[in-house]
Amino acid sequence: MTVVAQRRLEIVGVSKRYGDVVALREMTFEVGAGELFGFVGSNGAGKTTTMRIALGVLAADGGEVRWGGEPITLETRRHIGYMPEERGLYPKMKVGEQLVYLARLHGLDAVTARRSVEEWTERLGVASRRDDEVQKLSLGNQQRVQLAAALVHNPSILVLDEPFSGLDPVAVDVMSKVLQDKAAEGVPVVFSSHQLELVERLCHRVGIVRSGHMVACDTVEALQAGGTVRLVVDAPNAQPGWADGVPGVVVEEQFGGRTVLELRDGADDQAVLRAALATGPVLEFSRRRQSLTELFRNVVSEHTPEVAA
Ligand SMILES: Nc1ncnc2c1ncn2[C@@H]1O[C@H](COP(=O)(O)OP(=O)(O)OP(=O)(O)O)[C@@H](O)[C@H]1O
């Protein structure tokens, strides 16, 4: 077996009910070594439930979590770096002490734990707060500490529940870089988020979950293939109706000289360019791919909710 195959996290046909609520129905996906996987879905779609089951803090009713092709064990689960949605730091404990404690819980000796805490608090920009109680930090800084808590024991797998929520743009950059670096080291990284532009920018693959089931799972490029193709044309002198004669083209919006057009089957983008040039100068002429947000809306609205009552 190759190293890559050994470092693959698989969620296979996992199901879970809370009483009458079906939270997960045959949830299936995998995250390979070095892969950043974005887990997206509407509120209540089942992301947190899946992550808790992967970590082992919640038992599934059916299905399996595998690591390296084998059912995941308690020992392997100790090597997961987890950031829970509800966060989990002790508010009255000092940042540094708490992180050392968590690192030691995962088996690090005292010296290695302290070194790791120094490294991660520095990298995450909270080194100067090591002697402060967690509750004295802003929410964003508490979140950085929470990420440090997931990382101090040098995990083999990272599972992060909405790590970006509530962060300022600088903190988003710091967090993004850390996740990219961990993936580059070969760690499978899965995180949930409602910030779809960020997911689109960062992730190698994306899974869209709806009503406890994975409804689309691929690279953003592959998910975009076959979707609507749009052109953005900025022609300041263009009057409404300027593209009416071009076959296969539907104007979606026009604001001043800026027009967004949908290209249907057989439409010729060069014919659009000629029509635009006929109005005067053309300052911008570009193809626009469907964003992950548009894809998400389409995928989610295509599937009828099937959560059992
Ligand atoms: N402890 C619980 N008891 C009963 N129902 C629960 C419990 N936890 C979750 N659920 C239900 O299970 C479903 C999935 O919830 P989950 O928290 O996994 O969704 P999510 O995708 O993480 O949502 P969000 O984006 O809002 O965090 C929802 O219908 C939710 O109400």
# chains A, B, ... in the order shown; residues from 1 in each chain; ligands from 1
>>> closest_atom_pairs(of="stretch 128-230 of chain A", to="stretch 88-108 of chain A", cutoff="7 Å", atoms="only C-alpha atoms", output="Markdown table")
| residue | atom | partner | partner_atom | distance |
| --- | --- | --- | --- | --- |
| A:Arg129 | CA | A:Val95 | CA | 6.8 |
| A:Arg130 | CA | A:Gly96 | CA | 4.4 |
| A:Asp131 | CA | A:Lys94 | CA | 5.5 |
| A:Asp132 | CA | A:Lys94 | CA | 5.1 |
| A:Glu133 | CA | A:Lys94 | CA | 4.0 |
| A:Val134 | CA | A:Pro91 | CA | 4.9 |
| A:Gln135 | CA | A:Pro91 | CA | 4.6 |
| A:Ala149 | CA | A:Leu99 | CA | 5.8 |
| A:Val152 | CA | A:Ala103 | CA | 5.6 |
| A:His153 | CA | A:Ala103 | CA | 5.1 |
>>> write_last_selection(atoms="C-alpha atoms", output="PDB file, in the first residue's frame")
ATOM      1  CA  ARG A 129      -1.479  36.218  24.830  1.00  0.00           C
ATOM      2  CA  ARG A 130      -0.087  32.953  26.187  1.00  0.00           C
ATOM      3  CA  ASP A 131      -0.338  34.156  29.804  1.00  0.00           C
ATOM      4  CA  ASP A 132      -3.862  35.547  29.443  1.00  0.00           C
ATOM      5  CA  GLU A 133      -7.017  33.694  30.333  1.00  0.00           C
ATOM      6  CA  VAL A 134      -8.881  32.547  27.226  1.00  0.00           C
ATOM      7  CA  GLN A 135     -11.967  34.565  28.212  1.00  0.00           C
ATOM      8  CA  ALA A 149      -5.464  23.445  20.048  1.00  0.00           C
ATOM      9  CA  VAL A 152      -0.376  21.329  18.812  1.00  0.00           C
ATOM     10  CA  HIS A 153      -0.219  17.545  18.800  1.00  0.00           C
TER      11      HIS A 153
END
>>> residues_around(residues="A:Leu139", least_positions_apart="4", cutoff="9 Å", atoms="only C-alpha atoms", output="MDAnalysis selection string")
chainID A and resid 135 143:144 166:167
>>> residues_near_ligand(ligand="ligand 1", cutoff="8 Å", atoms="only C-alpha atoms and all ligand atoms", output="JSON, numbers by chain")
{"A": [17, 18, 19, 21, 22, 23, 24, 40, 41, 42, 43, 44, 45, 46, 47, 48, 49, 50, 85, 161, 162, 193, 194, 209, 211, 212]}
>>> write_last_selection(atoms="N, CA and C atoms", output="tab-separated table (two decimals), in the first residue's frame")
chain	number	residue	atom	x	y	z
A	17	ARG	N	-29.64	9.07	13.01
A	17	ARG	CA	-30.93	9.67	13.37
A	17	ARG	C	-30.82	10.28	14.76
A	18	TYR	N	-31.52	11.38	14.95
A	18	TYR	CA	-31.73	11.87	16.31
A	18	TYR	C	-33.22	11.70	16.54
A	19	GLY	N	-33.64	10.66	17.20
A	19	GLY	CA	-35.07	10.41	17.36
A	19	GLY	C	-35.70	10.26	15.99
A	21	VAL	N	-35.60	12.59	13.66
A	21	VAL	CA	-34.90	13.39	12.64
A	21	VAL	C	-33.79	12.57	12.00
A	22	VAL	N	-33.87	12.45	10.67
A	22	VAL	CA	-32.79	11.77	9.95
A	22	VAL	C	-31.72	12.82	9.66
A	23	ALA	N	-30.60	12.74	10.38
A	23	ALA	CA	-29.54	13.74	10.20
A	23	ALA	C	-28.61	13.36	9.05
A	24	LEU	N	-28.30	12.07	8.90
A	24	LEU	CA	-27.42	11.62	7.81
A	24	LEU	C	-28.02	10.40	7.13
A	40	VAL	N	-19.64	21.76	2.41
A	40	VAL	CA	-20.61	22.86	2.44
A	40	VAL	C	-22.03	22.31	2.39
A	41	GLY	N	-22.96	23.10	2.89
A	41	GLY	CA	-24.36	22.67	2.92
A	41	GLY	C	-25.17	23.66	3.72
A	42	SER	N	-26.48	23.63	3.52
A	42	SER	CA	-27.36	24.56	4.23
A	42	SER	C	-27.31	24.28	5.73
A	43	ASN	N	-27.86	25.20	6.50
A	43	ASN	CA	-27.96	24.97	7.95
A	43	ASN	C	-28.74	23.68	8.19
A	44	GLY	N	-28.21	22.86	9.08
A	44	GLY	CA	-28.91	21.62	9.43
A	44	GLY	C	-28.73	20.50	8.42
A	45	ALA	N	-27.82	20.67	7.45
A	45	ALA	CA	-27.65	19.66	6.40
A	45	ALA	C	-26.95	18.40	6.92
A	46	GLY	N	-26.18	18.53	8.00
A	46	GLY	CA	-25.55	17.34	8.58
A	46	GLY	C	-24.03	17.39	8.65
A	47	LYS	N	-23.45	18.56	8.46
A	47	LYS	CA	-21.98	18.67	8.45
A	47	LYS	C	-21.38	18.38	9.83
A	48	THR	N	-21.92	19.06	10.85
A	48	THR	CA	-21.38	18.87	12.20
A	48	THR	C	-21.55	17.42	12.64
A	49	THR	N	-22.71	16.85	12.35
A	49	THR	CA	-22.96	15.45	12.73
A	49	THR	C	-21.91	14.54	12.09
A	50	THR	N	-21.62	14.77	10.81
A	50	THR	CA	-20.62	13.94	10.11
A	50	THR	C	-19.25	14.08	10.78
A	85	GLU	N	-17.50	22.91	16.46
A	85	GLU	CA	-18.30	24.10	16.16
A	85	GLU	C	-18.59	24.90	17.43
A	161	ASP	N	-14.65	22.41	12.11
A	161	ASP	CA	-16.04	22.79	11.91
A	161	ASP	C	-16.14	24.32	11.90
A	162	GLU	N	-16.38	24.88	10.75
A	162	GLU	CA	-16.49	26.32	10.53
A	162	GLU	C	-15.33	27.12	11.15
A	193	SER	N	-17.82	25.20	5.95
A	193	SER	CA	-17.89	26.66	5.89
A	193	SER	C	-19.10	27.08	5.08
A	194	HIS	N	-19.62	28.25	5.45
A	194	HIS	CA	-20.66	28.87	4.63
A	194	HIS	C	-20.05	29.97	3.75
A	209	VAL	N	-23.54	19.07	0.65
A	209	VAL	CA	-24.43	18.15	1.34
A	209	VAL	C	-25.81	18.78	1.47
A	211	SER	N	-29.68	17.74	3.16
A	211	SER	CA	-30.53	16.82	3.94
A	211	SER	C	-29.80	15.52	4.29
A	212	GLY	N	-28.57	15.67	4.77
A	212	GLY	CA	-27.84	14.52	5.27
A	212	GLY	C	-27.22	13.62	4.22
>>> residues_around(residues="A:Thr219", least_positions_apart="2", cutoff="12 Å", atoms="only C-alpha atoms", output="list in words")
Glu35, Leu36, Phe37, Gly38, Val199, Glu200, Arg201, Leu202, Cys203, His204, Arg205, Val206, Gly207, Ile208, Ala216, Cys217, Glu221, Ala222, Leu223, Gln224, Ala225 and Leu292 of chain A
>>> write_last_selection(atoms="N, CA and C atoms", output="PDB file, in the first residue's frame")
ATOM      1  N   GLU A  35      -4.984  16.738   0.686  1.00  0.00           N
ATOM      2  CA  GLU A  35      -6.147  17.363   0.059  1.00  0.00           C
ATOM      3  C   GLU A  35      -6.862  18.303   1.037  1.00  0.00           C
ATOM      4  N   LEU A  36      -7.235  19.466   0.525  1.00  0.00           N
ATOM      5  CA  LEU A  36      -8.077  20.391   1.293  1.00  0.00           C
ATOM      6  C   LEU A  36      -9.495  20.207   0.778  1.00  0.00           C
ATOM      7  N   PHE A  37     -10.364  19.726   1.649  1.00  0.00           N
ATOM      8  CA  PHE A  37     -11.719  19.380   1.229  1.00  0.00           C
ATOM      9  C   PHE A  37     -12.708  20.316   1.915  1.00  0.00           C
ATOM     10  N   GLY A  38     -13.534  20.991   1.123  1.00  0.00           N
ATOM     11  CA  GLY A  38     -14.525  21.914   1.663  1.00  0.00           C
ATOM     12  C   GLY A  38     -15.868  21.230   1.773  1.00  0.00           C
ATOM     13  N   VAL A 199     -14.075  28.887   0.170  1.00  0.00           N
ATOM     14  CA  VAL A 199     -14.004  27.452  -0.135  1.00  0.00           C
ATOM     15  C   VAL A 199     -13.554  27.276  -1.586  1.00  0.00           C
ATOM     16  N   GLU A 200     -14.129  28.073  -2.482  1.00  0.00           N
ATOM     17  CA  GLU A 200     -13.785  27.979  -3.905  1.00  0.00           C
ATOM     18  C   GLU A 200     -12.308  28.291  -4.119  1.00  0.00           C
ATOM     19  N   ARG A 201     -11.820  29.275  -3.393  1.00  0.00           N
ATOM     20  CA  ARG A 201     -10.430  29.703  -3.564  1.00  0.00           C
ATOM     21  C   ARG A 201      -9.455  28.679  -2.981  1.00  0.00           C
ATOM     22  N   LEU A 202      -9.819  28.070  -1.848  1.00  0.00           N
ATOM     23  CA  LEU A 202      -8.846  27.245  -1.125  1.00  0.00           C
ATOM     24  C   LEU A 202      -8.864  25.760  -1.464  1.00  0.00           C
ATOM     25  N   CYS A 203     -10.056  25.242  -1.748  1.00  0.00           N
ATOM     26  CA  CYS A 203     -10.194  23.785  -1.694  1.00  0.00           C
ATOM     27  C   CYS A 203      -9.865  23.078  -3.002  1.00  0.00           C
ATOM     28  N   HIS A 204      -9.246  21.910  -2.868  1.00  0.00           N
ATOM     29  CA  HIS A 204      -9.011  21.066  -4.035  1.00  0.00           C
ATOM     30  C   HIS A 204     -10.323  20.439  -4.473  1.00  0.00           C
ATOM     31  N   ARG A 205     -11.100  19.978  -3.500  1.00  0.00           N
ATOM     32  CA  ARG A 205     -12.407  19.403  -3.820  1.00  0.00           C
ATOM     33  C   ARG A 205     -13.441  19.925  -2.841  1.00  0.00           C
ATOM     34  N   VAL A 206     -14.695  19.865  -3.294  1.00  0.00           N
ATOM     35  CA  VAL A 206     -15.787  20.388  -2.490  1.00  0.00           C
ATOM     36  C   VAL A 206     -16.900  19.343  -2.456  1.00  0.00           C
ATOM     37  N   GLY A 207     -17.490  19.163  -1.296  1.00  0.00           N
ATOM     38  CA  GLY A 207     -18.662  18.297  -1.175  1.00  0.00           C
ATOM     39  C   GLY A 207     -19.854  19.144  -0.773  1.00  0.00           C
ATOM     40  N   ILE A 208     -20.934  19.020  -1.533  1.00  0.00           N
ATOM     41  CA  ILE A 208     -22.143  19.777  -1.188  1.00  0.00           C
ATOM     42  C   ILE A 208     -23.148  18.799  -0.593  1.00  0.00           C
ATOM     43  N   ALA A 216     -23.241  16.468  -4.386  1.00  0.00           N
ATOM     44  CA  ALA A 216     -22.253  16.771  -5.421  1.00  0.00           C
ATOM     45  C   ALA A 216     -20.893  16.784  -4.739  1.00  0.00           C
ATOM     46  N   CYS A 217     -19.909  16.178  -5.391  1.00  0.00           N
ATOM     47  CA  CYS A 217     -18.602  16.087  -4.753  1.00  0.00           C
ATOM     48  C   CYS A 217     -17.542  15.993  -5.837  1.00  0.00           C
ATOM     49  N   GLU A 221     -13.823  23.032 -10.605  1.00  0.00           N
ATOM     50  CA  GLU A 221     -13.802  23.067 -12.075  1.00  0.00           C
ATOM     51  C   GLU A 221     -14.744  22.005 -12.653  1.00  0.00           C
ATOM     52  N   ALA A 222     -14.667  20.803 -12.101  1.00  0.00           N
ATOM     53  CA  ALA A 222     -15.524  19.721 -12.618  1.00  0.00           C
ATOM     54  C   ALA A 222     -16.990  20.012 -12.331  1.00  0.00           C
ATOM     55  N   LEU A 223     -17.268  20.590 -11.162  1.00  0.00           N
ATOM     56  CA  LEU A 223     -18.660  20.904 -10.838  1.00  0.00           C
ATOM     57  C   LEU A 223     -19.187  22.009 -11.760  1.00  0.00           C
ATOM     58  N   GLN A 224     -18.262  22.886 -12.179  1.00  0.00           N
ATOM     59  CA  GLN A 224     -18.666  23.993 -13.054  1.00  0.00           C
ATOM     60  C   GLN A 224     -18.908  23.538 -14.494  1.00  0.00           C
ATOM     61  N   ALA A 225     -18.250  22.437 -14.865  1.00  0.00           N
ATOM     62  CA  ALA A 225     -18.346  21.991 -16.258  1.00  0.00           C
ATOM     63  C   ALA A 225     -19.804  21.709 -16.601  1.00  0.00           C
ATOM     64  N   LEU A 292     -19.073  29.130  -7.038  1.00  0.00           N
ATOM     65  CA  LEU A 292     -19.518  28.044  -6.166  1.00  0.00           C
ATOM     66  C   LEU A 292     -20.860  28.402  -5.525  1.00  0.00           C
TER      67      LEU A 292
END
>>> closest_residue(among="A:Thr121, A:Thr259, A:Ser128, A:Asn237", to="A:Ala150", atoms="only C-alpha atoms")
A:Thr121
>>> residues_around(residues="A:Arg258", least_positions_apart="4", cutoff="10 Å", atoms="only C-alpha atoms", output="count of residues only")
14
>>> select_by_dssp(residues="stretch 105-230 of chain A", states="strand (DSSP E or B)", output="number ranges by chain")
A: 133, 157-161, 189-192, 205-210, 213-218, 229-230
>>> write_last_selection(atoms="N, CA and C atoms", output="mmCIF file, in the first residue's frame")
data_model
loop_
_atom_site.group_PDB
_atom_site.id
_atom_site.type_symbol
_atom_site.label_atom_id
_atom_site.label_comp_id
_atom_site.auth_asym_id
_atom_site.auth_seq_id
_atom_site.Cartn_x
_atom_site.Cartn_y
_atom_site.Cartn_z
ATOM 1 N N GLU A 133 -5.906 34.652 30.326
ATOM 2 C CA GLU A 133 -7.017 33.694 30.333
ATOM 3 C C GLU A 133 -7.726 33.754 28.988
ATOM 4 N N ILE A 157 -4.636 14.067 10.691
ATOM 5 C CA ILE A 157 -5.882 14.399 9.985
ATOM 6 C C ILE A 157 -6.414 15.679 10.632
ATOM 7 N N LEU A 158 -6.946 16.588 9.817
ATOM 8 C CA LEU A 158 -7.557 17.797 10.397
ATOM 9 C C LEU A 158 -9.030 17.856 10.031
ATOM 10 N N VAL A 159 -9.880 18.001 11.037
ATOM 11 C CA VAL A 159 -11.324 18.089 10.838
ATOM 12 C C VAL A 159 -11.794 19.355 11.561
ATOM 13 N N LEU A 160 -12.208 20.354 10.798
ATOM 14 C CA LEU A 160 -12.476 21.663 11.398
ATOM 15 C C LEU A 160 -13.884 22.129 11.059
ATOM 16 N N ASP A 161 -14.649 22.406 12.107
ATOM 17 C CA ASP A 161 -16.043 22.795 11.912
ATOM 18 C C ASP A 161 -16.140 24.325 11.897
ATOM 19 N N VAL A 189 -7.217 17.459 5.011
ATOM 20 C CA VAL A 189 -7.857 18.541 5.775
ATOM 21 C C VAL A 189 -9.295 18.676 5.293
ATOM 22 N N VAL A 190 -10.246 18.545 6.209
ATOM 23 C CA VAL A 190 -11.641 18.779 5.839
ATOM 24 C C VAL A 190 -12.174 19.874 6.753
ATOM 25 N N PHE A 191 -12.820 20.864 6.130
ATOM 26 C CA PHE A 191 -13.437 21.900 6.961
ATOM 27 C C PHE A 191 -14.789 22.289 6.387
ATOM 28 N N SER A 192 -15.698 22.652 7.282
ATOM 29 C CA SER A 192 -17.007 23.114 6.833
ATOM 30 C C SER A 192 -17.009 24.631 6.829
ATOM 31 N N ARG A 205 -11.100 19.978 -3.500
ATOM 32 C CA ARG A 205 -12.407 19.403 -3.820
ATOM 33 C C ARG A 205 -13.441 19.925 -2.841
ATOM 34 N N VAL A 206 -14.695 19.865 -3.294
ATOM 35 C CA VAL A 206 -15.787 20.388 -2.490
ATOM 36 C C VAL A 206 -16.900 19.343 -2.456
ATOM 37 N N GLY A 207 -17.490 19.163 -1.296
ATOM 38 C CA GLY A 207 -18.662 18.297 -1.175
ATOM 39 C C GLY A 207 -19.854 19.144 -0.773
ATOM 40 N N ILE A 208 -20.934 19.020 -1.533
ATOM 41 C CA ILE A 208 -22.143 19.777 -1.188
ATOM 42 C C ILE A 208 -23.148 18.799 -0.593
ATOM 43 N N VAL A 209 -23.542 19.070 0.648
ATOM 44 C CA VAL A 209 -24.433 18.147 1.336
ATOM 45 C C VAL A 209 -25.810 18.777 1.475
ATOM 46 N N ARG A 210 -26.800 17.930 1.279
ATOM 47 C CA ARG A 210 -28.177 18.393 1.409
ATOM 48 C C ARG A 210 -28.981 17.336 2.138
ATOM 49 N N HIS A 213 -27.199 14.086 2.973
ATOM 50 C CA HIS A 213 -26.692 13.254 1.890
ATOM 51 C C HIS A 213 -25.763 14.082 0.998
ATOM 52 N N MET A 214 -24.701 13.451 0.497
ATOM 53 C CA MET A 214 -23.783 14.170 -0.397
ATOM 54 C C MET A 214 -24.416 14.230 -1.789
ATOM 55 N N VAL A 215 -24.682 15.448 -2.284
ATOM 56 C CA VAL A 215 -25.359 15.540 -3.581
ATOM 57 C C VAL A 215 -24.411 15.951 -4.710
ATOM 58 N N ALA A 216 -23.241 16.468 -4.386
ATOM 59 C CA ALA A 216 -22.253 16.771 -5.421
ATOM 60 C C ALA A 216 -20.893 16.784 -4.739
ATOM 61 N N CYS A 217 -19.909 16.178 -5.391
ATOM 62 C CA CYS A 217 -18.602 16.087 -4.753
ATOM 63 C C CYS A 217 -17.542 15.993 -5.837
ATOM 64 N N ASP A 218 -16.756 17.066 -5.991
ATOM 65 C CA ASP A 218 -15.734 17.057 -7.039
ATOM 66 C C ASP A 218 -14.880 18.325 -6.910
ATOM 67 N N VAL A 229 -22.656 29.268 -19.043
ATOM 68 C CA VAL A 229 -21.501 30.088 -19.435
ATOM 69 C C VAL A 229 -21.983 31.520 -19.631
ATOM 70 N N ARG A 230 -21.279 32.439 -19.006
ATOM 71 C CA ARG A 230 -21.680 33.843 -19.121
ATOM 72 C C ARG A 230 -20.547 34.670 -19.693
#
>>> select_by_dssp(residues="stretch 54-128 of chain A", states="alpha helix (DSSP H)", output="short mmCIF file (atom, residue, chain, number, x, y, z; two decimals) with N, CA and C atoms, in the first residue's frame")
data_model
loop_
_atom_site.label_atom_id
_atom_site.label_comp_id
_atom_site.auth_asym_id
_atom_site.auth_seq_id
_atom_site.Cartn_x
_atom_site.Cartn_y
_atom_site.Cartn_z
N ALA A 54 -16.92 11.32 12.57
CA ALA A 54 -15.55 11.04 12.13
C ALA A 54 -14.60 11.06 13.32
N LEU A 55 -14.83 12.00 14.23
CA LEU A 55 -13.96 12.12 15.39
C LEU A 55 -14.24 11.02 16.42
N LEU A 74 -9.66 3.80 17.89
CA LEU A 74 -9.52 4.82 18.94
C LEU A 74 -8.14 5.47 18.87
N GLU A 75 -7.12 4.64 18.63
CA GLU A 75 -5.75 5.13 18.58
C GLU A 75 -5.59 6.14 17.44
N THR A 76 -6.16 5.80 16.25
CA THR A 76 -6.04 6.71 15.11
C THR A 76 -6.77 8.02 15.40
N ARG A 77 -7.90 7.88 16.07
CA ARG A 77 -8.70 9.09 16.35
C ARG A 77 -7.94 10.07 17.23
N VAL A 95 -4.08 30.66 28.15
CA VAL A 95 -3.92 30.13 26.79
C VAL A 95 -2.81 29.10 26.72
N GLY A 96 -1.61 29.48 27.19
CA GLY A 96 -0.44 28.61 27.07
C GLY A 96 -0.64 27.31 27.85
N GLU A 97 -1.09 27.47 29.11
CA GLU A 97 -1.27 26.27 29.97
C GLU A 97 -2.27 25.31 29.34
N GLN A 98 -3.33 25.90 28.80
CA GLN A 98 -4.39 25.07 28.21
C GLN A 98 -3.88 24.29 27.00
N LEU A 99 -3.10 24.98 26.18
CA LEU A 99 -2.60 24.31 24.97
C LEU A 99 -1.59 23.22 25.33
N VAL A 100 -0.75 23.50 26.33
CA VAL A 100 0.21 22.47 26.76
C VAL A 100 -0.57 21.26 27.30
N TYR A 101 -1.59 21.54 28.10
CA TYR A 101 -2.42 20.47 28.66
C TYR A 101 -3.02 19.60 27.54
N LEU A 102 -3.57 20.27 26.51
CA LEU A 102 -4.20 19.53 25.41
C LEU A 102 -3.16 18.71 24.63
N ALA A 103 -1.99 19.30 24.42
CA ALA A 103 -0.94 18.58 23.70
C ALA A 103 -0.53 17.34 24.48
N ARG A 104 -0.42 17.49 25.83
CA ARG A 104 -0.02 16.35 26.65
C ARG A 104 -1.09 15.27 26.68
N LEU A 105 -2.36 15.71 26.63
CA LEU A 105 -3.46 14.72 26.56
C LEU A 105 -3.32 13.84 25.32
N ALA A 110 6.39 16.76 28.05
CA ALA A 110 6.27 18.16 28.48
C ALA A 110 7.09 19.11 27.62
N VAL A 111 8.32 18.72 27.29
CA VAL A 111 9.20 19.63 26.53
C VAL A 111 8.66 19.82 25.10
N THR A 112 8.30 18.72 24.45
CA THR A 112 7.78 18.81 23.08
C THR A 112 6.47 19.60 23.07
N ALA A 113 5.64 19.38 24.07
CA ALA A 113 4.35 20.09 24.14
C ALA A 113 4.59 21.60 24.23
N ARG A 114 5.51 22.01 25.13
CA ARG A 114 5.77 23.45 25.27
C ARG A 114 6.34 24.05 23.99
N ARG A 115 7.23 23.29 23.35
CA ARG A 115 7.83 23.78 22.10
C ARG A 115 6.75 23.95 21.02
N SER A 116 5.88 22.96 20.95
CA SER A 116 4.83 23.00 19.94
C SER A 116 3.87 24.17 20.20
N VAL A 117 3.57 24.40 21.48
CA VAL A 117 2.67 25.52 21.83
C VAL A 117 3.33 26.85 21.46
N GLU A 118 4.62 26.97 21.72
CA GLU A 118 5.31 28.21 21.34
C GLU A 118 5.24 28.42 19.83
N GLU A 119 5.52 27.35 19.10
CA GLU A 119 5.53 27.45 17.63
C GLU A 119 4.15 27.86 17.10
N TRP A 120 3.11 27.16 17.59
CA TRP A 120 1.80 27.44 16.99
C TRP A 120 1.20 28.77 17.43
N THR A 121 1.47 29.16 18.67
CA THR A 121 0.93 30.46 19.09
C THR A 121 1.64 31.58 18.32
N GLU A 122 2.93 31.38 18.04
CA GLU A 122 3.63 32.39 17.24
C GLU A 122 3.07 32.42 15.82
N ARG A 123 2.94 31.26 15.24
CA ARG A 123 2.46 31.19 13.86
C ARG A 123 1.06 31.75 13.70
#
>>> atom_distance(atom1="atom CA of A:Val145", atom2="atom CA of A:Arg7")
26.1 Å
>>> residues_around(residues="A:Glu294", least_positions_apart="3", cutoff="10 Å", atoms="only C-alpha atoms", output="list in words")
Leu196, Gln224, Gly227, Thr228, Arg289, Gln290, Ser291, Arg297, Asn298, Val299 and Val300 of chain A
>>> residues_around(residues="A:Leu231", least_positions_apart="6", cutoff="6 Å", atoms="only C-alpha atoms", output="ChimeraX atom specification")
/A:260-261,286-288
>>> write_last_selection(atoms="N, CA and C atoms", output="compact mmCIF listing (two decimals), in the first residue's frame")
# COMPACT_ATOMS: atom_id res chain seq x y z
N VAL A 260 -24.23 41.55 -18.67
CA VAL A 260 -23.93 40.13 -18.42
C VAL A 260 -24.86 39.32 -19.32
N LEU A 261 -24.27 38.45 -20.15
CA LEU A 261 -25.06 37.67 -21.09
C LEU A 261 -24.85 36.18 -20.84
N SER A 286 -15.16 39.29 -21.13
CA SER A 286 -14.61 38.11 -20.45
C SER A 286 -15.68 37.06 -20.21
N ARG A 287 -15.21 35.81 -20.14
CA ARG A 287 -16.09 34.70 -19.79
C ARG A 287 -16.14 34.60 -18.29
N ARG A 288 -17.30 34.33 -17.76
CA ARG A 288 -17.41 34.17 -16.31
C ARG A 288 -17.95 32.79 -16.00
>>> atom_distance(atom1="atom CA of A:Leu147", atom2="atom CA of A:Pro84")
9.8 Å
>>> closest_residue(among="A:Ser15, A:Thr73, A:Asn141, A:Ser176", to="A:Ala127", atoms="only C-alpha atoms")
A:Asn141
